[in-house]
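Notes to accompany the following structure.
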Amino acid sequence: MTVPENYGYVVLVALGLTPILAFAQGNVVTGLRKAAGVPYPNPYATPQQAKEKPAAYKFNCAQRAHANLLENMPQTMMYMLFAGLEYPSATAALGAGWLLFRALYAYGYVQGQKENGGSRMYGAPGWLMQGGLWALCISTAFKML
């Protein structure tokens with residue numbers, strides 16, 4: 001199998017932009033941790049801190065959104081690199097969309113001040129993009145058989 005001519009876009013999104021987003025989200029979490037006054041070894045503010053300080057609640061939301069990205073990042077990068085062998089343009093577009101909606105999800109999650117996390121609706125298009133990447137990955141696997 002030969003590598004498609006425009007596979008570079010897939011590599012740029014999967015191995016370039018995805019780690020940059022993870023690093024940026026990590027920096028946001030660190031800034032919110034300092035504002036909330038949560039000591040470093042603790043992964044989250046306590047429920048009491050979150051009730052009393054809006055900054056602690058925002059930190060918890062940012063930490064959850066970042067953890068969710070990191071849980072999904074490795075396999076999504078792998079899906080992009082594999083599916084891009086057969087569908088490079090569609091894979092790069094879906095991957096960029098996934099990153100955009102992951103960032104919007106994190107922003108909405110942090111800014112939402114409701115107990116359930118507020119604006120989680122931004123996450124739904126990201127899951128649709130990830131589903132599209134899964135479908136392209138499966139299609140690529142069947143084409144290789």
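Labels for the structure tokens follow display order: chains A, B, ..., residues from 1 in each chain, ligands from 1.
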- prompt: Mind checking DSSP for chain A and telling me the helix (DSSP H, G or I) residues as a count of residues only?
  reply: 115
Could you make a table, as JSON lines, of the residues of region 15-102 of chain A that have an atom within 9 Å of an atom of region 128-142 of chain A, each with its nearest atom pair and distance in Å to one decimal, counting only C-alpha atoms, in chain and number order?
```
{"residue": "A:Thr76", "atom": "CA", "partner": "A:Gln130", "partner_atom": "CA", "distance": 7.1}
{"residue": "A:Tyr79", "atom": "CA", "partner": "A:Cys137", "partner_atom": "CA", "distance": 5.8}
{"residue": "A:Met80", "atom": "CA", "partner": "A:Leu133", "partner_atom": "CA", "distance": 6.6}
{"residue": "A:Leu81", "atom": "CA", "partner": "A:Cys137", "partner_atom": "CA", "distance": 9.0}
{"residue": "A:Phe82", "atom": "CA", "partner": "A:Cys137", "partner_atom": "CA", "distance": 6.3}
{"residue": "A:Ala83", "atom": "CA", "partner": "A:Cys137", "partner_atom": "CA", "distance": 4.4}
{"residue": "A:Gly84", "atom": "CA", "partner": "A:Cys137", "partner_atom": "CA", "distance": 8.2}
{"residue": "A:Leu85", "atom": "CA", "partner": "A:Thr140", "partner_atom": "CA", "distance": 7.6}
{"residue": "A:Glu86", "atom": "CA", "partner": "A:Thr140", "partner_atom": "CA", "distance": 5.9}
{"residue": "A:Tyr87", "atom": "CA", "partner": "A:Leu136", "partner_atom": "CA", "distance": 7.2}
{"residue": "A:Ala90", "atom": "CA", "partner": "A:Leu136", "partner_atom": "CA", "distance": 8.4}
{"residue": "A:Thr91", "atom": "CA", "partner": "A:Leu133", "partner_atom": "CA", "distance": 6.5}
{"residue": "A:Leu94", "atom": "CA", "partner": "A:Met129", "partner_atom": "CA", "distance": 5.4}
{"residue": "A:Gly95", "atom": "CA", "partner": "A:Met129", "partner_atom": "CA", "distance": 7.1}
{"residue": "A:Ala96", "atom": "CA", "partner": "A:Met129", "partner_atom": "CA", "distance": 8.9}
{"residue": "A:Gly97", "atom": "CA", "partner": "A:Met129", "partner_atom": "CA", "distance": 6.4}
{"residue": "A:Trp98", "atom": "CA", "partner": "A:Met129", "partner_atom": "CA", "distance": 5.3}
{"residue": "A:Phe101", "atom": "CA", "partner": "A:Met129", "partner_atom": "CA", "distance": 8.6}
```
query: Contacts of region 54-64 of chain A at 7 Å or less, counting only C-alpha atoms, minus same-chain residues fewer than 4 places along, as a list in words?
result: Val29, Leu32, Arg33, Ala35, Ala36, Tyr44, Ala45, Gln49, Ala50, Asn68, Ala106, Tyr109, Val110 and Gly117 of chain A
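Of the listed residues (A:Pro4, A:Met144, A:Thr18, A:Pro47), A:Thr18 comes nearest to Leu100 (chain A); the distances count only C-alpha atoms.
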field: Atomic separation - CA of Met77 (chain A) relative to CA of Ala22 (chain A), Å
entry: 12.2 Å
Among listed residues A:Leu12, A:Leu145, A:Ala103, A:Pro19, nearest Met73 (chain A) (using only C-alpha atoms): A:Pro19
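Using only C-alpha atoms, the smallest distance between any of A:Pro43, A:Lys53, A:Ala92, A:Leu17 and Thr30 (chain A) comes from A:Pro43.
Checking A:Val28, A:Ala93, A:Ala67, A:Ala124 one by one against Val13 (chain A), counting only C-alpha atoms, you find the shortest gap at A:Ala93.
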- line: Of A:Gln48, A:Val3, A:Tyr107, A:Asn42, the one sitting nearest Ala24 (chain A) when using only C-alpha atoms is A:Tyr107
